[in-house]
$ cat entry.txt   # compact mmCIF, N, CA and C atoms
# COMPACT_ATOMS: atom_id res chain seq x y z
N MET A 23 25.03 -15.18 15.13
CA MET A 23 24.56 -14.48 13.95
C MET A 23 23.95 -15.51 13.00
N SER A 24 22.82 -15.17 12.43
CA SER A 24 22.14 -16.12 11.55
C SER A 24 22.74 -16.10 10.16
N GLU A 25 22.50 -17.19 9.46
CA GLU A 25 22.97 -17.32 8.08
C GLU A 25 22.14 -16.42 7.17
N PRO A 26 22.77 -15.74 6.21
CA PRO A 26 21.97 -14.95 5.25
C PRO A 26 21.16 -15.89 4.37
N PRO A 27 20.05 -15.39 3.83
CA PRO A 27 19.25 -16.26 2.96
C PRO A 27 20.04 -16.64 1.71
N ASP A 28 19.71 -17.78 1.16
CA ASP A 28 20.34 -18.22 -0.08
C ASP A 28 19.58 -17.57 -1.22
N TRP A 29 20.01 -16.39 -1.65
CA TRP A 29 19.33 -15.62 -2.67
C TRP A 29 19.28 -16.34 -4.00
N SER A 30 20.17 -17.29 -4.21
CA SER A 30 20.19 -18.00 -5.49
C SER A 30 18.96 -18.88 -5.67
N ARG A 31 18.24 -19.13 -4.59
CA ARG A 31 17.06 -20.00 -4.65
C ARG A 31 15.75 -19.25 -4.45
N LEU A 32 15.82 -17.96 -4.16
CA LEU A 32 14.60 -17.19 -3.89
C LEU A 32 14.01 -16.62 -5.18
N LEU A 33 12.69 -16.61 -5.23
CA LEU A 33 11.97 -16.02 -6.35
C LEU A 33 11.40 -14.67 -5.91
N ALA A 34 11.12 -13.82 -6.86
CA ALA A 34 10.47 -12.54 -6.55
C ALA A 34 9.09 -12.84 -5.95
N PRO A 35 8.65 -12.05 -4.99
CA PRO A 35 7.33 -12.27 -4.40
C PRO A 35 6.24 -12.16 -5.46
N SER A 36 5.33 -13.12 -5.47
CA SER A 36 4.21 -13.13 -6.41
C SER A 36 3.12 -12.16 -5.96
N LEU A 37 2.10 -12.01 -6.78
CA LEU A 37 0.94 -11.20 -6.39
C LEU A 37 0.32 -11.75 -5.11
N ALA A 38 0.22 -13.08 -5.00
CA ALA A 38 -0.35 -13.70 -3.79
C ALA A 38 0.55 -13.44 -2.58
N ASP A 39 1.87 -13.51 -2.76
CA ASP A 39 2.80 -13.21 -1.66
C ASP A 39 2.59 -11.76 -1.20
N PHE A 40 2.47 -10.86 -2.14
CA PHE A 40 2.26 -9.45 -1.81
C PHE A 40 0.96 -9.26 -1.04
N GLU A 41 -0.07 -9.98 -1.46
CA GLU A 41 -1.36 -9.86 -0.77
C GLU A 41 -1.22 -10.29 0.68
N ARG A 42 -0.52 -11.38 0.92
CA ARG A 42 -0.30 -11.84 2.30
C ARG A 42 0.52 -10.82 3.10
N LEU A 43 1.56 -10.26 2.49
CA LEU A 43 2.37 -9.24 3.16
C LEU A 43 1.53 -8.00 3.48
N ALA A 44 0.69 -7.59 2.55
CA ALA A 44 -0.14 -6.40 2.75
C ALA A 44 -1.18 -6.64 3.84
N GLU A 45 -1.80 -7.80 3.85
CA GLU A 45 -2.79 -8.11 4.88
C GLU A 45 -2.14 -8.15 6.25
N ALA A 46 -0.94 -8.72 6.35
CA ALA A 46 -0.22 -8.77 7.62
C ALA A 46 0.17 -7.36 8.07
N ALA A 47 0.63 -6.53 7.14
CA ALA A 47 1.02 -5.16 7.48
C ALA A 47 -0.20 -4.37 7.95
N TYR A 48 -1.33 -4.53 7.28
CA TYR A 48 -2.55 -3.83 7.67
C TYR A 48 -3.02 -4.28 9.06
N ALA A 49 -2.95 -5.57 9.33
CA ALA A 49 -3.38 -6.10 10.62
C ALA A 49 -2.53 -5.56 11.77
N GLU A 50 -1.28 -5.18 11.49
CA GLU A 50 -0.39 -4.66 12.54
C GLU A 50 -0.61 -3.19 12.83
N LEU A 51 -1.38 -2.50 12.00
CA LEU A 51 -1.61 -1.07 12.21
C LEU A 51 -2.50 -0.85 13.42
N PRO A 52 -2.36 0.29 14.09
CA PRO A 52 -3.20 0.57 15.26
C PRO A 52 -4.69 0.50 14.90
N ALA A 53 -5.47 -0.02 15.84
CA ALA A 53 -6.91 -0.23 15.61
C ALA A 53 -7.63 1.07 15.24
N HIS A 54 -7.26 2.19 15.86
CA HIS A 54 -7.95 3.45 15.55
C HIS A 54 -7.70 3.88 14.10
N PHE A 55 -6.56 3.52 13.55
CA PHE A 55 -6.27 3.84 12.16
C PHE A 55 -7.05 2.91 11.23
N ARG A 56 -7.07 1.61 11.56
CA ARG A 56 -7.82 0.66 10.73
C ARG A 56 -9.31 1.00 10.73
N ALA A 57 -9.79 1.59 11.82
CA ALA A 57 -11.21 1.95 11.90
C ALA A 57 -11.60 2.99 10.86
N LEU A 58 -10.63 3.79 10.38
CA LEU A 58 -10.93 4.77 9.34
C LEU A 58 -11.42 4.09 8.07
N CYS A 59 -10.96 2.87 7.86
CA CYS A 59 -11.27 2.15 6.61
C CYS A 59 -11.90 0.81 6.90
N GLU A 60 -12.88 0.80 7.75
CA GLU A 60 -13.54 -0.46 8.05
C GLU A 60 -13.95 -1.15 6.76
N GLY A 61 -13.62 -2.43 6.65
CA GLY A 61 -13.96 -3.18 5.45
C GLY A 61 -13.04 -2.90 4.27
N LEU A 62 -11.88 -2.31 4.52
CA LEU A 62 -10.94 -1.97 3.45
C LEU A 62 -10.63 -3.21 2.61
N VAL A 63 -10.62 -3.03 1.30
CA VAL A 63 -10.22 -4.08 0.37
C VAL A 63 -8.84 -3.71 -0.17
N ILE A 64 -7.90 -4.65 -0.07
CA ILE A 64 -6.56 -4.42 -0.58
C ILE A 64 -6.40 -5.24 -1.85
N ARG A 65 -6.05 -4.56 -2.93
CA ARG A 65 -5.85 -5.22 -4.22
C ARG A 65 -4.39 -5.10 -4.61
N ILE A 66 -3.86 -6.13 -5.19
CA ILE A 66 -2.49 -6.14 -5.66
C ILE A 66 -2.50 -6.32 -7.17
N GLU A 67 -1.83 -5.43 -7.85
CA GLU A 67 -1.68 -5.51 -9.30
C GLU A 67 -0.20 -5.30 -9.61
N ASP A 68 0.24 -5.73 -10.78
CA ASP A 68 1.62 -5.49 -11.15
C ASP A 68 1.88 -4.00 -11.37
N PHE A 69 0.98 -3.31 -12.06
CA PHE A 69 1.12 -1.88 -12.35
C PHE A 69 -0.25 -1.22 -12.30
N ALA A 70 -0.23 0.10 -12.12
CA ALA A 70 -1.46 0.88 -12.26
C ALA A 70 -1.88 0.85 -13.72
N ASP A 71 -3.19 0.94 -13.96
CA ASP A 71 -3.66 0.95 -15.35
C ASP A 71 -3.42 2.32 -15.98
N ASP A 72 -3.58 2.39 -17.29
CA ASP A 72 -3.30 3.63 -18.03
C ASP A 72 -4.14 4.80 -17.55
N GLU A 73 -5.39 4.54 -17.18
CA GLU A 73 -6.26 5.62 -16.69
C GLU A 73 -5.69 6.26 -15.43
N VAL A 74 -5.24 5.43 -14.50
CA VAL A 74 -4.64 5.93 -13.26
C VAL A 74 -3.35 6.68 -13.56
N LEU A 75 -2.50 6.10 -14.38
CA LEU A 75 -1.23 6.74 -14.72
C LEU A 75 -1.47 8.10 -15.37
N ASP A 76 -2.42 8.17 -16.28
CA ASP A 76 -2.74 9.44 -16.95
C ASP A 76 -3.30 10.45 -15.95
N HIS A 77 -4.23 10.01 -15.11
CA HIS A 77 -4.86 10.90 -14.12
C HIS A 77 -3.82 11.49 -13.17
N LEU A 78 -2.83 10.69 -12.78
CA LEU A 78 -1.81 11.15 -11.85
C LEU A 78 -0.64 11.84 -12.54
N GLY A 79 -0.64 11.85 -13.86
CA GLY A 79 0.44 12.48 -14.60
C GLY A 79 1.76 11.75 -14.46
N ALA A 80 1.70 10.45 -14.30
CA ALA A 80 2.92 9.65 -14.13
C ALA A 80 3.68 9.59 -15.44
N GLU A 81 4.99 9.71 -15.33
CA GLU A 81 5.84 9.62 -16.52
C GLU A 81 6.14 8.17 -16.88
N SER A 82 6.05 7.29 -15.89
CA SER A 82 6.39 5.88 -16.09
C SER A 82 5.45 5.03 -15.25
N GLU A 83 5.24 3.81 -15.67
CA GLU A 83 4.41 2.89 -14.88
C GLU A 83 5.06 2.56 -13.54
N PHE A 84 6.33 2.87 -13.37
CA PHE A 84 7.03 2.64 -12.11
C PHE A 84 6.89 3.80 -11.12
N ASP A 85 6.21 4.88 -11.53
CA ASP A 85 6.08 6.06 -10.68
C ASP A 85 5.02 5.93 -9.59
N VAL A 86 4.09 5.02 -9.74
CA VAL A 86 2.96 4.91 -8.81
C VAL A 86 3.09 3.61 -8.02
N LEU A 87 3.27 3.75 -6.70
CA LEU A 87 3.41 2.58 -5.82
C LEU A 87 2.07 2.08 -5.31
N GLY A 88 1.12 2.99 -5.14
CA GLY A 88 -0.17 2.60 -4.60
C GLY A 88 -1.22 3.66 -4.88
N LEU A 89 -2.47 3.31 -4.58
CA LEU A 89 -3.60 4.20 -4.82
C LEU A 89 -4.71 3.86 -3.83
N PHE A 90 -5.37 4.91 -3.31
CA PHE A 90 -6.54 4.73 -2.46
C PHE A 90 -7.74 5.28 -3.18
N ARG A 91 -8.82 4.54 -3.16
CA ARG A 91 -10.11 5.03 -3.66
C ARG A 91 -11.17 4.69 -2.63
N GLY A 92 -11.96 5.68 -2.28
CA GLY A 92 -13.02 5.43 -1.31
C GLY A 92 -13.51 6.71 -0.69
N ARG A 93 -14.24 6.55 0.37
CA ARG A 93 -14.81 7.69 1.10
C ARG A 93 -14.35 7.64 2.54
N GLY A 94 -14.17 8.83 3.09
CA GLY A 94 -13.89 8.95 4.52
C GLY A 94 -15.14 8.66 5.32
N LEU A 95 -14.98 8.53 6.62
CA LEU A 95 -16.13 8.22 7.47
C LEU A 95 -17.19 9.32 7.40
N ALA A 96 -16.78 10.58 7.42
CA ALA A 96 -17.75 11.68 7.36
C ALA A 96 -18.51 11.67 6.03
N GLN A 97 -17.81 11.40 4.95
CA GLN A 97 -18.47 11.35 3.64
C GLN A 97 -19.46 10.20 3.59
N SER A 98 -19.10 9.06 4.13
CA SER A 98 -19.98 7.89 4.10
C SER A 98 -21.26 8.16 4.88
N GLU A 99 -21.12 8.83 6.04
CA GLU A 99 -22.29 9.11 6.86
C GLU A 99 -23.19 10.14 6.19
N ALA A 100 -22.58 11.12 5.53
CA ALA A 100 -23.37 12.19 4.91
C ALA A 100 -24.16 11.69 3.71
N PHE A 101 -23.59 10.77 2.96
CA PHE A 101 -24.23 10.33 1.72
C PHE A 101 -24.86 8.96 1.82
N GLY A 102 -24.66 8.25 2.92
CA GLY A 102 -25.19 6.91 3.04
C GLY A 102 -24.31 5.91 2.33
N ALA A 103 -24.40 4.68 2.75
CA ALA A 103 -23.50 3.67 2.21
C ALA A 103 -24.15 2.85 1.10
N SER A 104 -25.39 3.10 0.79
CA SER A 104 -26.09 2.29 -0.18
C SER A 104 -25.48 2.42 -1.57
N GLY A 105 -25.11 1.29 -2.14
CA GLY A 105 -24.62 1.26 -3.50
C GLY A 105 -23.20 1.75 -3.71
N GLN A 106 -22.51 2.11 -2.64
CA GLN A 106 -21.14 2.59 -2.84
C GLN A 106 -20.15 1.43 -2.72
N PHE A 107 -19.05 1.58 -3.43
CA PHE A 107 -17.98 0.59 -3.37
C PHE A 107 -17.24 0.71 -2.05
N PRO A 108 -16.62 -0.37 -1.59
CA PRO A 108 -15.85 -0.28 -0.35
C PRO A 108 -14.59 0.55 -0.57
N ASN A 109 -14.01 1.03 0.53
CA ASN A 109 -12.72 1.68 0.45
C ASN A 109 -11.72 0.65 -0.05
N MET A 110 -10.87 1.08 -0.99
CA MET A 110 -9.91 0.15 -1.59
C MET A 110 -8.54 0.78 -1.69
N VAL A 111 -7.53 -0.04 -1.48
CA VAL A 111 -6.14 0.35 -1.73
C VAL A 111 -5.57 -0.61 -2.75
N TRP A 112 -4.93 -0.04 -3.76
CA TRP A 112 -4.18 -0.85 -4.71
C TRP A 112 -2.71 -0.68 -4.40
N LEU A 113 -2.01 -1.78 -4.33
CA LEU A 113 -0.56 -1.77 -4.22
C LEU A 113 -0.03 -2.33 -5.53
N TYR A 114 0.95 -1.65 -6.08
CA TYR A 114 1.49 -2.05 -7.37
C TYR A 114 2.84 -2.73 -7.18
N ARG A 115 2.81 -4.05 -7.37
CA ARG A 115 3.93 -4.93 -7.04
C ARG A 115 5.24 -4.52 -7.71
N ARG A 116 5.24 -4.36 -9.01
CA ARG A 116 6.49 -4.11 -9.72
C ARG A 116 7.13 -2.77 -9.31
N PRO A 117 6.39 -1.67 -9.22
CA PRO A 117 7.02 -0.43 -8.76
C PRO A 117 7.53 -0.53 -7.32
N ILE A 118 6.78 -1.25 -6.46
CA ILE A 118 7.25 -1.41 -5.08
C ILE A 118 8.53 -2.24 -5.06
N LEU A 119 8.58 -3.31 -5.84
CA LEU A 119 9.81 -4.11 -5.89
C LEU A 119 10.98 -3.30 -6.44
N ASP A 120 10.72 -2.46 -7.43
CA ASP A 120 11.76 -1.62 -8.00
C ASP A 120 12.29 -0.66 -6.94
N TYR A 121 11.39 -0.03 -6.20
CA TYR A 121 11.78 0.89 -5.12
C TYR A 121 12.58 0.13 -4.06
N TRP A 122 12.09 -1.04 -3.68
CA TRP A 122 12.74 -1.88 -2.67
C TRP A 122 14.17 -2.22 -3.07
N ALA A 123 14.38 -2.52 -4.34
CA ALA A 123 15.70 -2.89 -4.83
C ALA A 123 16.69 -1.73 -4.74
N GLU A 124 16.19 -0.50 -4.74
CA GLU A 124 17.05 0.67 -4.72
C GLU A 124 17.25 1.27 -3.34
N HIS A 125 16.58 0.74 -2.31
CA HIS A 125 16.65 1.31 -0.97
C HIS A 125 16.93 0.22 0.05
N GLU A 126 17.40 0.61 1.19
CA GLU A 126 17.67 -0.34 2.26
C GLU A 126 16.51 -0.33 3.24
N GLU A 127 15.47 -1.04 2.87
CA GLU A 127 14.27 -1.14 3.69
C GLU A 127 13.68 -2.53 3.50
N ALA A 128 13.18 -3.12 4.57
CA ALA A 128 12.55 -4.43 4.47
C ALA A 128 11.29 -4.31 3.63
N LEU A 129 11.01 -5.32 2.84
CA LEU A 129 9.84 -5.29 1.96
C LEU A 129 8.55 -5.12 2.75
N GLY A 130 8.40 -5.82 3.86
CA GLY A 130 7.20 -5.68 4.68
C GLY A 130 7.02 -4.27 5.20
N SER A 131 8.11 -3.64 5.60
CA SER A 131 8.04 -2.24 6.08
C SER A 131 7.65 -1.30 4.96
N LEU A 132 8.17 -1.53 3.78
CA LEU A 132 7.83 -0.70 2.64
C LEU A 132 6.35 -0.83 2.28
N ILE A 133 5.85 -2.04 2.28
CA ILE A 133 4.43 -2.26 1.98
C ILE A 133 3.56 -1.57 3.03
N ARG A 134 3.94 -1.68 4.31
CA ARG A 134 3.19 -1.00 5.39
C ARG A 134 3.23 0.52 5.15
N HIS A 135 4.39 1.04 4.78
CA HIS A 135 4.55 2.47 4.53
C HIS A 135 3.61 2.94 3.41
N VAL A 136 3.55 2.20 2.31
CA VAL A 136 2.69 2.58 1.19
C VAL A 136 1.22 2.52 1.63
N LEU A 137 0.84 1.48 2.36
CA LEU A 137 -0.54 1.37 2.86
C LEU A 137 -0.91 2.57 3.71
N VAL A 138 -0.06 2.88 4.70
CA VAL A 138 -0.34 3.99 5.61
C VAL A 138 -0.45 5.29 4.84
N HIS A 139 0.45 5.52 3.90
CA HIS A 139 0.42 6.77 3.16
C HIS A 139 -0.78 6.87 2.22
N GLU A 140 -1.15 5.80 1.58
CA GLU A 140 -2.32 5.87 0.71
C GLU A 140 -3.58 6.16 1.51
N ILE A 141 -3.74 5.48 2.63
CA ILE A 141 -4.92 5.71 3.48
C ILE A 141 -4.82 7.07 4.15
N GLY A 142 -3.66 7.38 4.69
CA GLY A 142 -3.47 8.62 5.44
C GLY A 142 -3.67 9.87 4.61
N HIS A 143 -3.13 9.91 3.40
CA HIS A 143 -3.32 11.09 2.56
C HIS A 143 -4.79 11.27 2.22
N HIS A 144 -5.50 10.19 2.00
CA HIS A 144 -6.93 10.28 1.69
C HIS A 144 -7.70 10.94 2.84
N PHE A 145 -7.28 10.65 4.08
CA PHE A 145 -7.98 11.20 5.24
C PHE A 145 -7.35 12.50 5.74
N GLY A 146 -6.39 13.03 4.99
CA GLY A 146 -5.82 14.33 5.34
C GLY A 146 -4.83 14.31 6.49
N LEU A 147 -4.24 13.15 6.76
CA LEU A 147 -3.26 13.08 7.84
C LEU A 147 -1.94 13.69 7.39
N SER A 148 -1.23 14.28 8.33
CA SER A 148 0.07 14.85 8.02
C SER A 148 1.12 13.73 7.96
N ASP A 149 2.27 14.06 7.41
CA ASP A 149 3.37 13.08 7.38
C ASP A 149 3.77 12.68 8.79
N ASP A 150 3.75 13.64 9.74
CA ASP A 150 4.08 13.32 11.14
C ASP A 150 3.06 12.34 11.72
N ASP A 151 1.77 12.56 11.42
CA ASP A 151 0.72 11.63 11.89
C ASP A 151 0.99 10.23 11.35
N MET A 152 1.32 10.15 10.07
CA MET A 152 1.54 8.84 9.46
C MET A 152 2.79 8.16 10.01
N MET A 153 3.82 8.93 10.33
CA MET A 153 5.02 8.33 10.94
C MET A 153 4.67 7.75 12.30
N ARG A 154 3.84 8.45 13.08
CA ARG A 154 3.43 7.92 14.40
C ARG A 154 2.62 6.63 14.22
N ILE A 155 1.77 6.58 13.22
CA ILE A 155 0.97 5.37 12.97
C ILE A 155 1.89 4.21 12.61
N GLU A 156 2.85 4.46 11.74
CA GLU A 156 3.79 3.40 11.36
C GLU A 156 4.58 2.91 12.57
N ARG A 157 5.01 3.84 13.43
CA ARG A 157 5.75 3.43 14.64
C ARG A 157 4.86 2.63 15.58
N GLY A 158 3.53 2.88 15.52
CA GLY A 158 2.59 2.17 16.39
C GLY A 158 2.28 0.77 15.92
N ALA A 159 2.72 0.42 14.72
CA ALA A 159 2.50 -0.94 14.20
C ALA A 159 3.33 -1.92 15.01
N ALA A 160 2.86 -3.14 15.06
CA ALA A 160 3.52 -4.16 15.89
C ALA A 160 4.99 -4.31 15.56
$ encode --input "entry.txt" --output "structure tokens"
Amino acid sequence: MSEPPDWSRLLAPSLADFERLAEAAYAELPAHFRALCEGLVIRIEDFADDEVLDHLGAESEFDVLGLFRGRGLAQSEAFGASGQFPNMVWLYRRPILDYWAEHEEALGSLIRHVLVHEIGHHFGLSDDDMMRIERGAA
């Protein structure tokens, strides 16, 4: 059995740490799922901005774990890609850390879960579809 980590010396994951975790989680997703968001940009922020919180009707800045903005493949083909922003996912570090502290789930798994759900809901995937995608990750 391995030694538990020395929590007295560990720091909370930084924005850069989160970015590395998110990129690794995204890279582990099945290729057919990643193809939905070719060129996806992943942004890490501590919290969603006030505009996002207001738009989503959030009661607290801790209510929003992530956000997807972009176009699906069919929308991109219908309207052309000229001048449009890339598909983007925002992961909000502090709400994710807060959720992580209250649940028994590995941080990397939680980040992968938020990524899959933000992308999946945008493309109209069911919760069952998204669970299969998560299970298909490395």
$ atom_distance --input "entry.txt" --atom1 "atom N of Ile64 of chain A" --atom2 "atom N of Phe107 of chain A"
13.2 Å
$ residues_around --input "entry.txt" --residues "segment 78-85 of chain A" --least-positions-apart "4" --cutoff "8 Å" --atoms "all atoms listed in the file" --output "JSON, numbers by chain"
{"A": [68, 69, 70, 71, 72, 73, 74, 116, 117, 118, 120, 121]}
$ select_by_dssp --input "entry.txt" --residues "segment 38-134 of chain A" --states "helix (DSSP H, G or I)" --output "mmCIF file with N, CA and C atoms, keeping the file's coordinate frame"
data_model
loop_
_atom_site.group_PDB
_atom_site.id
_atom_site.type_symbol
_atom_site.label_atom_id
_atom_site.label_comp_id
_atom_site.auth_asym_id
_atom_site.auth_seq_id
_atom_site.Cartn_x
_atom_site.Cartn_y
_atom_site.Cartn_z
ATOM 1 N N ALA A 38 0.220 -13.080 -5.000
ATOM 2 C CA ALA A 38 -0.350 -13.700 -3.790
ATOM 3 C C ALA A 38 0.550 -13.440 -2.580
ATOM 4 N N ASP A 39 1.870 -13.510 -2.760
ATOM 5 C CA ASP A 39 2.800 -13.210 -1.660
ATOM 6 C C ASP A 39 2.590 -11.760 -1.200
ATOM 7 N N PHE A 40 2.470 -10.860 -2.140
ATOM 8 C CA PHE A 40 2.260 -9.450 -1.810
ATOM 9 C C PHE A 40 0.960 -9.260 -1.040
ATOM 10 N N GLU A 41 -0.070 -9.980 -1.460
ATOM 11 C CA GLU A 41 -1.360 -9.860 -0.770
ATOM 12 C C GLU A 41 -1.220 -10.290 0.680
ATOM 13 N N ARG A 42 -0.520 -11.380 0.920
ATOM 14 C CA ARG A 42 -0.300 -11.840 2.300
ATOM 15 C C ARG A 42 0.520 -10.820 3.100
ATOM 16 N N LEU A 43 1.560 -10.260 2.490
ATOM 17 C CA LEU A 43 2.370 -9.240 3.160
ATOM 18 C C LEU A 43 1.530 -8.000 3.480
ATOM 19 N N ALA A 44 0.690 -7.590 2.550
ATOM 20 C CA ALA A 44 -0.140 -6.400 2.750
ATOM 21 C C ALA A 44 -1.180 -6.640 3.840
ATOM 22 N N GLU A 45 -1.800 -7.800 3.850
ATOM 23 C CA GLU A 45 -2.790 -8.110 4.880
ATOM 24 C C GLU A 45 -2.140 -8.150 6.250
ATOM 25 N N ALA A 46 -0.940 -8.720 6.350
ATOM 26 C CA ALA A 46 -0.220 -8.770 7.620
ATOM 27 C C ALA A 46 0.170 -7.360 8.070
ATOM 28 N N ALA A 47 0.630 -6.530 7.140
ATOM 29 C CA ALA A 47 1.020 -5.160 7.480
ATOM 30 C C ALA A 47 -0.200 -4.370 7.950
ATOM 31 N N TYR A 48 -1.330 -4.530 7.280
ATOM 32 C CA TYR A 48 -2.550 -3.830 7.670
ATOM 33 C C TYR A 48 -3.020 -4.280 9.060
ATOM 34 N N ALA A 49 -2.950 -5.570 9.330
ATOM 35 C CA ALA A 49 -3.380 -6.100 10.620
ATOM 36 C C ALA A 49 -2.530 -5.560 11.770
ATOM 37 N N GLU A 50 -1.280 -5.180 11.490
ATOM 38 C CA GLU A 50 -0.390 -4.660 12.540
ATOM 39 C C GLU A 50 -0.610 -3.190 12.830
ATOM 40 N N ALA A 53 -5.470 -0.020 15.840
ATOM 41 C CA ALA A 53 -6.910 -0.230 15.610
ATOM 42 C C ALA A 53 -7.630 1.070 15.240
ATOM 43 N N HIS A 54 -7.260 2.190 15.860
ATOM 44 C CA HIS A 54 -7.950 3.450 15.550
ATOM 45 C C HIS A 54 -7.700 3.880 14.100
ATOM 46 N N PHE A 55 -6.560 3.520 13.550
ATOM 47 C CA PHE A 55 -6.270 3.840 12.160
ATOM 48 C C PHE A 55 -7.050 2.910 11.230
ATOM 49 N N ARG A 56 -7.070 1.610 11.560
ATOM 50 C CA ARG A 56 -7.820 0.660 10.730
ATOM 51 C C ARG A 56 -9.310 1.000 10.730
ATOM 52 N N ALA A 57 -9.790 1.590 11.820
ATOM 53 C CA ALA A 57 -11.210 1.950 11.900
ATOM 54 C C ALA A 57 -11.600 2.990 10.860
ATOM 55 N N LEU A 58 -10.630 3.790 10.380
ATOM 56 C CA LEU A 58 -10.930 4.770 9.340
ATOM 57 C C LEU A 58 -11.420 4.090 8.070
ATOM 58 N N CYS A 59 -10.960 2.870 7.860
ATOM 59 C CA CYS A 59 -11.270 2.150 6.610
ATOM 60 C C CYS A 59 -11.900 0.810 6.900
ATOM 61 N N ASP A 72 -3.580 2.390 -17.290
ATOM 62 C CA ASP A 72 -3.300 3.630 -18.030
ATOM 63 C C ASP A 72 -4.140 4.800 -17.550
ATOM 64 N N GLU A 73 -5.390 4.540 -17.180
ATOM 65 C CA GLU A 73 -6.260 5.620 -16.690
ATOM 66 C C GLU A 73 -5.690 6.260 -15.430
ATOM 67 N N VAL A 74 -5.240 5.430 -14.500
ATOM 68 C CA VAL A 74 -4.640 5.930 -13.260
ATOM 69 C C VAL A 74 -3.350 6.680 -13.560
ATOM 70 N N LEU A 75 -2.500 6.100 -14.380
ATOM 71 C CA LEU A 75 -1.230 6.740 -14.720
ATOM 72 C C LEU A 75 -1.470 8.100 -15.370
ATOM 73 N N ASP A 76 -2.420 8.170 -16.280
ATOM 74 C CA ASP A 76 -2.740 9.440 -16.950
ATOM 75 C C ASP A 76 -3.300 10.450 -15.950
ATOM 76 N N HIS A 77 -4.230 10.010 -15.110
ATOM 77 C CA HIS A 77 -4.860 10.900 -14.120
ATOM 78 C C HIS A 77 -3.820 11.490 -13.170
ATOM 79 N N LEU A 78 -2.830 10.690 -12.780
ATOM 80 C CA LEU A 78 -1.810 11.150 -11.850
ATOM 81 C C LEU A 78 -0.640 11.840 -12.540
ATOM 82 N N LEU A 95 -14.980 8.530 6.620
ATOM 83 C CA LEU A 95 -16.130 8.220 7.470
ATOM 84 C C LEU A 95 -17.190 9.320 7.400
ATOM 85 N N ALA A 96 -16.780 10.580 7.420
ATOM 86 C CA ALA A 96 -17.750 11.680 7.360
ATOM 87 C C ALA A 96 -18.510 11.670 6.030
ATOM 88 N N GLN A 97 -17.810 11.400 4.950
ATOM 89 C CA GLN A 97 -18.470 11.350 3.640
ATOM 90 C C GLN A 97 -19.460 10.200 3.590
ATOM 91 N N SER A 98 -19.100 9.060 4.130
ATOM 92 C CA SER A 98 -19.980 7.890 4.100
ATOM 93 C C SER A 98 -21.260 8.160 4.880
ATOM 94 N N GLU A 99 -21.120 8.830 6.040
ATOM 95 C CA GLU A 99 -22.290 9.110 6.860
ATOM 96 C C GLU A 99 -23.190 10.140 6.190
ATOM 97 N N ALA A 100 -22.580 11.120 5.530
ATOM 98 C CA ALA A 100 -23.370 12.190 4.910
ATOM 99 C C ALA A 100 -24.160 11.690 3.710
ATOM 100 N N PHE A 101 -23.590 10.770 2.960
ATOM 101 C CA PHE A 101 -24.230 10.330 1.720
ATOM 102 C C PHE A 101 -24.860 8.960 1.820
ATOM 103 N N ARG A 115 2.810 -4.050 -7.370
ATOM 104 C CA ARG A 115 3.930 -4.930 -7.040
ATOM 105 C C ARG A 115 5.240 -4.520 -7.710
ATOM 106 N N ARG A 116 5.240 -4.360 -9.010
ATOM 107 C CA ARG A 116 6.490 -4.110 -9.720
ATOM 108 C C ARG A 116 7.130 -2.770 -9.310
ATOM 109 N N PRO A 117 6.390 -1.670 -9.220
ATOM 110 C CA PRO A 117 7.020 -0.430 -8.760
ATOM 111 C C PRO A 117 7.530 -0.530 -7.320
ATOM 112 N N ILE A 118 6.780 -1.250 -6.460
ATOM 113 C CA ILE A 118 7.250 -1.410 -5.080
ATOM 114 C C ILE A 118 8.530 -2.240 -5.060
ATOM 115 N N LEU A 119 8.580 -3.310 -5.840
ATOM 116 C CA LEU A 119 9.810 -4.110 -5.890
ATOM 117 C C LEU A 119 10.980 -3.300 -6.440
ATOM 118 N N ASP A 120 10.720 -2.460 -7.430
ATOM 119 C CA ASP A 120 11.760 -1.620 -8.000
ATOM 120 C C ASP A 120 12.290 -0.660 -6.940
ATOM 121 N N TYR A 121 11.390 -0.030 -6.200
ATOM 122 C CA TYR A 121 11.780 0.890 -5.120
ATOM 123 C C TYR A 121 12.580 0.130 -4.060
ATOM 124 N N TRP A 122 12.090 -1.040 -3.680
ATOM 125 C CA TRP A 122 12.740 -1.880 -2.670
ATOM 126 C C TRP A 122 14.170 -2.220 -3.070
ATOM 127 N N ALA A 123 14.380 -2.520 -4.340
ATOM 128 C CA ALA A 123 15.700 -2.890 -4.830
ATOM 129 C C ALA A 123 16.690 -1.730 -4.740
ATOM 130 N N GLU A 124 16.190 -0.500 -4.740
ATOM 131 C CA GLU A 124 17.050 0.670 -4.720
ATOM 132 C C GLU A 124 17.250 1.270 -3.340
ATOM 133 N N LEU A 129 11.010 -5.320 2.840
ATOM 134 C CA LEU A 129 9.840 -5.290 1.960
ATOM 135 C C LEU A 129 8.550 -5.120 2.750
ATOM 136 N N GLY A 130 8.400 -5.820 3.860
ATOM 137 C CA GLY A 130 7.200 -5.680 4.680
ATOM 138 C C GLY A 130 7.020 -4.270 5.200
ATOM 139 N N SER A 131 8.110 -3.640 5.600
ATOM 140 C CA SER A 131 8.040 -2.240 6.080
ATOM 141 C C SER A 131 7.650 -1.300 4.960
ATOM 142 N N LEU A 132 8.170 -1.530 3.780
ATOM 143 C CA LEU A 132 7.830 -0.700 2.640
ATOM 144 C C LEU A 132 6.350 -0.830 2.280
ATOM 145 N N ILE A 133 5.850 -2.040 2.280
ATOM 146 C CA ILE A 133 4.430 -2.260 1.980
ATOM 147 C C ILE A 133 3.560 -1.570 3.030
ATOM 148 N N ARG A 134 3.940 -1.680 4.310
ATOM 149 C CA ARG A 134 3.190 -1.000 5.390
ATOM 150 C C ARG A 134 3.230 0.520 5.150
#
$ atom_distance --input "entry.txt" --atom1 "atom C of Gly88 of chain A" --atom2 "atom CA of Trp112 of chain A"
5.4 Å
$ closest_residue --input "entry.txt" --among "A:Ala57, A:Val111, A:Met152, A:Ile66" --to "Phe90 of chain A" --atoms "all atoms listed in the file"
A:Val111
$ atom_distance --input "entry.txt" --atom1 "atom N of Ser148 of chain A" --atom2 "atom CA of Phe55 of chain A"
12.2 Å
